[in-house]
Every structure is written in C-alpha cells, then in structure tokens.
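Visitor: My structure is below; once you've seen it, I'll send some questions.
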Amino acid sequence: MLSSVQNPRFLLLHLPPKHLHFATTKAIHTSQTLALSPSTSPPVSQILTLRHSLLSRRSTAVELAEAYLARLRRTEPQLKSFLHVSENALKEAAEIDRRIERNEAVGPMAGVLVAVKDNICTADMPSTAGSRALEGYRPPFDATAVRKLRESGAIVIGKTNLDEFGMGSTTEGSAYQVTANPWDLSRVPGGSSGGSAAAVSARQCVVSLGSDTGGSVRQPASFCGVVGLKPTYGCVSRYGLVAYASSLDVIGCFGSSVTDTGILLHAISGHDRFDATSSKRQVPAFTSQFISKDLLESKPLKGLRVGIIRETIDDGVDPDVISSVCGAACHLEELGCIVTEVSLPSFSLGLPAYYILASSESSSNLSRYDGVRYGNQVVADELNSLYGNSRAKGFGSEVKMRILMGTYALSAGYYDAYYKRAQQVRTLIQKSFKEALDKNDILISPAAPSVAYKIGEKKNDPLAMYAGDIMTVNVNLAGLPALVLPCGFVEEESTSLPVGFQMIGAAFDEEKLLKVGHIFEQTLRGCNFVPPLVADDFPC
C-alpha cells in the first residue's frame, strides 16, 4: 500500500529555487510526524457501517442516535456547533426501527444523523441564518435538500451555527455564539459553515449540509480535517437556502470520508421545479465506481492529468501549507498521475471581483428584511423609522458593511467602474479555468492559505479575513465543483492542526473528483483525522 511518507520528488522538480529549502525541510519533518502512527487505517464510511448494523439488526436506530446525541451533549458546551438540537430525533429513529422490524424497505440514508446549516430551511426547527433579524423564525416548509434527505430516511439532528447570513470566514460573525475548532478549542473552525464542519469533525453527527458562496464549505473542511464538497452550480437545488449571493450560492456537503460525502451529495442532487437554475442532468451514482483499497492496482490513477495552480503556492501562503499540498501532489504522482504546473493569470483578480459581486447581490437580497415582509419588527411611529430601526437592530456589523459596499457598487455613476468590471473579470476567470481543464483532468491547490487561526485574531482586520478566501472564490465565480480532502498536519504551539487540499473539476464532474478523492484517501497512510476531543471514541 502506498504511503504519504514520500520523497518530495514533485517539489524538487517543479518548484522554483526560493521554495526548495523550506519545502524539503518541512517534508522531512512531516514524514517524521506521520510515521508515528503507521498503522492508521483509512477512513471508513459511517453511513455504510450504520446501514449494515441496522439491516443486520446488530444495532437499532435508537441506539445509534442515542450514541451520537450523548457525544453531542458531552462536546457541545465546548464546541457550540449547534444553534438548535432536534427534539424529534429519537422518535424518528424509533419509527425506522419499527419499519425494519416489519421488514419494510427503508431509504439509503435510514437512521443517518444529518446536521443542517441554519441558513437552510427546516419546517420543524428554527432557521435564523445566524441573525437576530430572523430570531425565532420557523419556516413553513423544508428546503428541497432537506426534504430529499428526509425522504431517503435521514434524521435531521439539528441546526448548526454560521456567520450571519453566511458572511464571514470564522463563524465569529454569528449573532448567537462563537463555535470552536475541535482540534484546538482556542481556534476558529472556519466559516461560514463552521458549525457544520465542527459537528462532523467531532462526530456529533454522521454528515452535514453547509452552503458555499465563496469557500464556506471548503475552508472549514480544511480547518477541521474533514471532507468538504462544493458541487457545480445547479447540481443541488437552492430552494429553501436563505439567499446571500444568488449567482454564487450552492448547498454543499461535509463528511468524515469521501464515501459519506458522495452518498450525501447523491441524496440531495437533482432537478427541482422550485429552482429554475437547477440542472436537469441525470444524477449519477457518485460512489458506484469506488474500489476497495485491497483491490487497487499499484498505479490506480495512471495517466490522470493533474495541474497544480502556480499562483496558489506562492508568496502569501503559509510555507507549511504549501509543503503539505505539494506532499499531496507527490502522493498523486505515486498513484500514477501526471502532475504539472499550470498558471491562471486571472487568479489574483478573483478576490476583489468576488467581493464586489457578492456584496452587490447581498444588498439586493437582504432588502427584504425590513420588518414588514421578512425579519423581526421594531415598533416605530412612521414607516421609514420602522424600516431603518428594524434593519439596524436585526443586522450585525459585517452584514451592514457588505450591504453598504454592494449598494455603493450598484449606485449610479459607479456601476460601470465596479459591478460591470467585476462581471467582466468573472468571464475571464471562467475562460482561464476552461482552458486549464481542457488540458488537465483536475486542478489542485491549497484550500486555505493557512491552518486554523486563533479566535479573535482577525476579527478586527476584515481585509486579512477576506484575503483568506483567495483559494476558493474563483471556483464559485466559475461555477465549478471542488472537493477538499485532509492531506496532513502542521504543528503550531504543540498542537497538530489539519491541512486540506482542493481538487477542482470541470462542470458536473463531481463523480471524477470523488473517485480520485476516494483513492487518495484510501492510500494515504499515517494520518488519523479524528480530533483529540473525541479520539477515545474512535481508536485507530
């Protein structure tokens, strides 16, 4: 079986001299670190294991739900992943047990406990989007993704914390609480889907749903050491997702393994008549081509063309993160991939274009929260005061700032200089990705320029926080799918923090990304991505 402890051949052949010294040194250090646990097994699908236990009647759905709820209650005071925990989880589990007892068919996700980001509507639980403007709001319907999960037998265990309306990269922007990273409680889990990522990492649930407008699934996945998938725009219905930037928003998936992430994606994908942007393409069985590690050939990815994006392994990225990602590229080479360097000259333009477009769309989308149509109302003597006071009290500082930025960019006299130009940059980015993916099967990059940082470290420096999205926003602008996999660790203050790398594919190429990711995951040895907080429950 191949090992992640490898000679950094790709690093030495392809990186310029200024990277060689620290990259080589770090690869040696990483090898020593990973060698401490050579017997670590690859991740096992919790969904398939749970299903086998249920159908073989070795365990009941109630017993499995109780185990997860017990872990949730034990870890939640420290993590604060959830804004609301379902009161019906055990009742729904009992109903699944009754159906199995009667030998009735159950769905492919029967008994699977799913956490849902709190900007995705659920009829039986609050959906606040992390904002005081929607405090106490209970939608009269389920989002399409949630409805499909329930129809497949899944149990929604609760609603997870997020940056208000999805605007943030740390989950510190929630109006209710700050979520901690399971690997180090003094650090952020990432954002805006930090609650969903932390919940999967700490095994408070089996899988979870998040949303990704500019990296809000992928960056938290990297920070928390889990698998995160941003689907192609249109692959999953957005009906029931609280809108931030409608041309960029997608519902994404978190899992502790690639198999679980693929099963979750299959359950929620497909056309929806309530979302005109959802694709009518047939949904493939994303995990049907997965091969057991025992049956893999020595070069299972022979001939696969992989391009590592040059602009993502340059200045401004933590050298330790670069080393980990280049180590992942080495591993792909050992699996038979042809790894080359590609340049996307428009890559650096994505960040300013994204924040202009996302802020502009948010200023329009959030205009509905005026205390009359939507949102909690502040009593006032006249209408303008009611609008103004309701919004002032309901929105946090980050949301207000982005609304102001977007309104300015759309205002008369500035539209051409900002919004129109940003749309032109978006077209350039789409073209550059198409050209690169015509020559390569997948592209790879870091998922974030650093590992998880301290809570409060960047809260008062929004530009530094925005810069952390540089690796992910271009994918949203191009509407492409991307999969983040944990690939190693970085030592900071005697704490091992996970690092994730991002694989980008052509539109609707999720099946290929998941297949490659599964082989990578199965052959990566020496890494155990279970945080110390719950390590006793999941021995190697």
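All residue names refer to the structure tokens as shown: chains lettered A, B, ... in order, residues numbered from 1 in each chain, ligands numbered from 1 in order.
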Give me every helix (DSSP H, G or I) residue in segment 305-499 of chain A, going by DSSP on the backbone, as a PyMOL selection string.
Guide: chain A and resi 310-312+319-334+347-368+383-394+397-410+416-439+462-467+473-478
Visitor: Within 9 Å of Ala329 of chain A, counting only C-alpha atoms, which residues show up once you throw out same-chain ones fewer than 2 positions away? Write them as an mmCIF file with N, CA and C atoms, in the first residue's frame, please.
Guide:
data_model
loop_
_atom_site.group_PDB
_atom_site.id
_atom_site.type_symbol
_atom_site.label_atom_id
_atom_site.label_comp_id
_atom_site.auth_asym_id
_atom_site.auth_seq_id
_atom_site.Cartn_x
_atom_site.Cartn_y
_atom_site.Cartn_z
ATOM 1 N N PRO A 8 9.944 14.119 -1.668
ATOM 2 C CA PRO A 8 9.218 15.210 -2.343
ATOM 3 C C PRO A 8 9.734 15.443 -3.757
ATOM 4 N N PHE A 10 8.120 15.696 -6.671
ATOM 5 C CA PHE A 10 7.423 16.761 -7.415
ATOM 6 C C PHE A 10 7.930 18.130 -6.995
ATOM 7 N N LEU A 11 8.132 18.292 -5.691
ATOM 8 C CA LEU A 11 8.586 19.563 -5.135
ATOM 9 C C LEU A 11 9.909 19.974 -5.752
ATOM 10 N N VAL A 306 -3.034 16.085 -13.781
ATOM 11 C CA VAL A 306 -3.298 16.953 -12.629
ATOM 12 C C VAL A 306 -2.464 18.214 -12.767
ATOM 13 N N ILE A 308 -1.262 21.627 -10.835
ATOM 14 C CA ILE A 308 -1.206 22.380 -9.581
ATOM 15 C C ILE A 308 -1.115 23.863 -9.932
ATOM 16 N N SER A 324 2.541 20.725 2.648
ATOM 17 C CA SER A 324 1.536 19.669 2.767
ATOM 18 C C SER A 324 0.838 19.421 1.435
ATOM 19 N N VAL A 325 0.504 20.492 0.725
ATOM 20 C CA VAL A 325 -0.192 20.343 -0.555
ATOM 21 C C VAL A 325 0.729 19.735 -1.610
ATOM 22 N N CYS A 326 1.998 20.157 -1.604
ATOM 23 C CA CYS A 326 2.938 19.561 -2.546
ATOM 24 C C CYS A 326 3.212 18.098 -2.184
ATOM 25 N N GLY A 327 3.114 17.761 -0.892
ATOM 26 C CA GLY A 327 3.186 16.360 -0.493
ATOM 27 C C GLY A 327 2.016 15.571 -1.052
ATOM 28 N N HIS A 331 1.989 12.383 -3.657
ATOM 29 C CA HIS A 331 1.206 11.164 -3.466
ATOM 30 C C HIS A 331 0.404 10.839 -4.728
ATOM 31 N N LEU A 332 -0.154 11.880 -5.362
ATOM 32 C CA LEU A 332 -0.883 11.668 -6.614
ATOM 33 C C LEU A 332 0.055 11.145 -7.708
ATOM 34 N N GLU A 333 1.284 11.643 -7.729
ATOM 35 C CA GLU A 333 2.262 11.112 -8.685
ATOM 36 C C GLU A 333 2.526 9.633 -8.430
ATOM 37 N N GLU A 334 2.668 9.263 -7.171
ATOM 38 C CA GLU A 334 2.897 7.858 -6.835
ATOM 39 C C GLU A 334 1.716 6.980 -7.247
ATOM 40 N N CYS A 337 -0.567 9.629 -11.397
ATOM 41 C CA CYS A 337 -0.968 10.880 -12.040
ATOM 42 C C CYS A 337 0.230 11.563 -12.701
ATOM 43 N N VAL A 339 1.575 15.026 -12.952
ATOM 44 C CA VAL A 339 1.386 16.303 -12.268
ATOM 45 C C VAL A 339 2.249 17.367 -12.922
ATOM 46 N N ILE A 444 -5.391 21.296 -8.734
ATOM 47 C CA ILE A 444 -5.278 21.233 -7.280
ATOM 48 C C ILE A 444 -4.650 22.503 -6.739
#
Visitor: Could you list, as a ChimeraX atom specification, every residue within 8 Å of Gly468 of chain A, counting only C-alpha atoms and ignoring same-chain residues fewer than 4 positions away?
Guide: /A:169,448-450,464
Visitor: Keeping only N, CA, C and O atoms, write those residues as a PDB file, in the first residue's frame.
Guide:
ATOM      1  N   SER A 169     -15.747  34.163   7.559  1.00  0.00           N
ATOM      2  CA  SER A 169     -14.845  33.033   7.349  1.00  0.00           C
ATOM      3  C   SER A 169     -14.404  32.397   8.655  1.00  0.00           C
ATOM      4  O   SER A 169     -13.431  31.633   8.664  1.00  0.00           O
ATOM      5  N   ALA A 448      -6.930  26.672   1.771  1.00  0.00           N
ATOM      6  CA  ALA A 448      -6.821  27.935   2.505  1.00  0.00           C
ATOM      7  C   ALA A 448      -5.345  28.276   2.619  1.00  0.00           C
ATOM      8  O   ALA A 448      -4.497  27.372   2.628  1.00  0.00           O
ATOM      9  N   PRO A 449      -4.997  29.547   2.715  1.00  0.00           N
ATOM     10  CA  PRO A 449      -3.573  29.915   2.778  1.00  0.00           C
ATOM     11  C   PRO A 449      -2.914  29.634   4.121  1.00  0.00           C
ATOM     12  O   PRO A 449      -1.701  29.811   4.255  1.00  0.00           O
ATOM     13  N   SER A 450      -3.693  29.215   5.118  1.00  0.00           N
ATOM     14  CA  SER A 450      -3.128  28.930   6.440  1.00  0.00           C
ATOM     15  C   SER A 450      -3.958  27.837   7.103  1.00  0.00           C
ATOM     16  O   SER A 450      -5.016  27.450   6.596  1.00  0.00           O
ATOM     17  N   ALA A 464      -7.714  41.141   6.177  1.00  0.00           N
ATOM     18  CA  ALA A 464      -6.942  39.908   6.367  1.00  0.00           C
ATOM     19  C   ALA A 464      -7.860  38.697   6.301  1.00  0.00           C
ATOM     20  O   ALA A 464      -7.491  37.646   5.756  1.00  0.00           O
TER      21      ALA A 464
END
Visitor: Could you tell me how far atom CA of Gly262 of chain A lies from atom CA of Ala452 of chain A, in Å and to one decimal?
Guide: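 It comes out at 25.4 Å.
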Visitor: Sort by chain and increasing residue number a table of all residues of segment 237-309 of chain A within 8 Å of segment 510-513 of chain A, each with its closest pair of atoms and their distance in Å to one decimal, counting only C-alpha atoms, and write it as a Markdown table.
Guide:
| residue | atom | partner | partner_atom | distance |
| --- | --- | --- | --- | --- |
| A:Pro284 | CA | A:Glu511 | CA | 7.4 |
| A:Ala285 | CA | A:Glu511 | CA | 7.9 |
| A:Phe286 | CA | A:Glu511 | CA | 5.0 |
| A:Thr287 | CA | A:Glu511 | CA | 7.5 |
Visitor: For each of A:Ser193, A:Thr312, A:Ser246, A:Asn474, take the minimum atom-to-atom distance to Thr427 of chain A, counting only C-alpha atoms, then give the residue where this is smallest.
Guide: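 Residue with the minimum atom-to-atom distance to Thr427 of chain A: A:Asn474.
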Visitor: Ranking A:Ala245, A:Leu301, A:Val399, A:Ile470 by minimum distance to Gly350 of chain A and counting only C-alpha atoms, which one comes first?
Guide: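 Once distances to Gly350 of chain A are computed over only C-alpha atoms, the minimum belongs to A:Ile470.
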Visitor: Can you work out which one of A:Met503, A:Val425, A:Ala110, A:Ala482 has the shortest atom-to-atom distance to Gly252 of chain A, counting only C-alpha atoms?
Guide: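 Once distances to Gly252 of chain A are computed over only C-alpha atoms, the minimum belongs to A:Ala482.
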Visitor: Please identify which residues in segment 189-245 of chain A DSSP calls strand (DSSP E or B) from the backbone, and express them as a ChimeraX atom specification.
Guide: /A:207-212,227-230,236,241
Visitor: Limited to C-alpha atoms, could you put the picked residues into a file as a short mmCIF file (atom, residue, chain, number, x, y, z; two decimals), in the first residue's frame?
Guide:
data_model
loop_
_atom_site.label_atom_id
_atom_site.label_comp_id
_atom_site.auth_asym_id
_atom_site.auth_seq_id
_atom_site.Cartn_x
_atom_site.Cartn_y
_atom_site.Cartn_z
CA VAL A 207 -22.69 14.10 7.84
CA SER A 208 -23.84 17.69 7.47
CA LEU A 209 -25.04 20.27 4.99
CA GLY A 210 -23.41 23.65 4.55
CA SER A 211 -23.56 26.39 1.96
CA ASP A 212 -20.71 27.70 -0.17
CA VAL A 227 -14.07 16.16 3.60
CA GLY A 228 -15.94 19.09 2.07
CA LEU A 229 -17.61 19.25 -1.34
CA LYS A 230 -18.85 22.29 -3.23
CA VAL A 236 -28.29 20.92 -5.96
CA LEU A 241 -31.49 28.29 1.13
#
Visitor: Show me, as a list in words, the residues that have an atom within 12 Å of Glu151 of chain A when counting only C-alpha atoms, minus same-chain residues fewer than 6 positions from it.
Guide: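 After dropping sequence-adjacent residues, the list is Val106, Gly107, Pro108, Met109, Ala110, Gly111, Val112, Asp142, Thr144, Ala145, Ala267 and Ile268 of chain A.
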Visitor: Include all heavy atoms and write out the residues we just selected as a short mmCIF file (atom, residue, chain, number, x, y, z; two decimals), in the first residue's frame.
Guide:
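Output below, filename out39.cif:
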data_model
loop_
_atom_site.label_atom_id
_atom_site.label_comp_id
_atom_site.auth_asym_id
_atom_site.auth_seq_id
_atom_site.Cartn_x
_atom_site.Cartn_y
_atom_site.Cartn_z
N VAL A 106 -36.40 0.49 3.78
CA VAL A 106 -36.01 1.79 4.32
C VAL A 106 -35.09 2.47 3.34
O VAL A 106 -34.44 1.81 2.51
CB VAL A 106 -35.33 1.66 5.70
CG1 VAL A 106 -36.32 1.17 6.75
CG2 VAL A 106 -34.12 0.75 5.63
N GLY A 107 -35.02 3.78 3.39
CA GLY A 107 -34.22 4.55 2.44
C GLY A 107 -32.73 4.34 2.61
O GLY A 107 -32.26 3.80 3.61
N PRO A 108 -31.95 4.77 1.61
CA PRO A 108 -30.49 4.55 1.64
C PRO A 108 -29.78 5.29 2.76
O PRO A 108 -28.65 4.94 3.10
CB PRO A 108 -30.04 5.07 0.26
CG PRO A 108 -31.12 5.99 -0.18
CD PRO A 108 -32.39 5.44 0.38
N MET A 109 -30.44 6.29 3.35
CA MET A 109 -29.83 7.02 4.46
C MET A 109 -30.62 6.83 5.75
O MET A 109 -30.58 7.67 6.65
CB MET A 109 -29.69 8.50 4.13
CG MET A 109 -28.73 8.77 2.99
SD MET A 109 -28.35 10.52 2.78
CE MET A 109 -27.43 10.87 4.29
N ALA A 110 -31.30 5.71 5.86
CA ALA A 110 -32.12 5.44 7.05
C ALA A 110 -31.26 5.48 8.31
O ALA A 110 -30.23 4.82 8.41
CB ALA A 110 -32.79 4.08 6.92
N GLY A 111 -31.70 6.29 9.26
CA GLY A 111 -31.02 6.39 10.55
C GLY A 111 -29.78 7.26 10.56
O GLY A 111 -29.15 7.41 11.62
N VAL A 112 -29.40 7.83 9.42
CA VAL A 112 -28.20 8.68 9.35
C VAL A 112 -28.53 10.05 9.95
O VAL A 112 -29.46 10.72 9.50
CB VAL A 112 -27.71 8.83 7.90
CG1 VAL A 112 -26.56 9.81 7.83
CG2 VAL A 112 -27.31 7.47 7.34
N ASP A 142 -39.73 22.69 4.29
CA ASP A 142 -38.35 22.23 4.25
C ASP A 142 -37.69 22.69 2.95
O ASP A 142 -38.34 22.69 1.88
CB ASP A 142 -38.27 20.70 4.29
CG ASP A 142 -38.44 20.12 5.69
OD1 ASP A 142 -38.12 20.82 6.67
OD2 ASP A 142 -38.91 18.97 5.79
N THR A 144 -35.55 22.04 -0.32
CA THR A 144 -35.58 20.83 -1.16
C THR A 144 -34.52 19.82 -0.74
O THR A 144 -34.79 18.61 -0.68
CB THR A 144 -35.40 21.21 -2.64
OG1 THR A 144 -36.50 22.04 -3.05
CG2 THR A 144 -35.35 19.97 -3.53
N ALA A 145 -33.32 20.28 -0.42
CA ALA A 145 -32.25 19.37 0.01
C ALA A 145 -32.65 18.64 1.29
O ALA A 145 -32.40 17.43 1.43
CB ALA A 145 -30.95 20.13 0.21
N ALA A 267 -27.97 12.03 -2.48
CA ALA A 267 -29.29 12.15 -1.86
C ALA A 267 -29.94 13.51 -2.12
O ALA A 267 -31.17 13.61 -2.17
CB ALA A 267 -29.19 11.89 -0.36
N ILE A 268 -29.13 14.57 -2.27
CA ILE A 268 -29.71 15.92 -2.36
C ILE A 268 -29.67 16.49 -3.77
O ILE A 268 -30.25 17.56 -4.02
CB ILE A 268 -29.01 16.90 -1.40
CG1 ILE A 268 -27.54 17.09 -1.78
CG2 ILE A 268 -29.14 16.41 0.05
CD1 ILE A 268 -26.83 18.15 -0.96
#
Visitor: Please provide as a ChimeraX atom specification all residues within 12 Å of Cys121 of chain A, with the sequence filter that same-chain residues fewer than 6 positions apart are discarded (counting only C-alpha atoms).
Guide: /A:127-129,134,137-147,156,158-160,209-210,238-243,251
Visitor: If you count only C-alpha atoms, which residues fall within 8 Å of Pro481 of chain A, apart from same-chain ones fewer than 5 positions away, as a ChimeraX atom specification?
Guide: /A:229-233,475,504-510
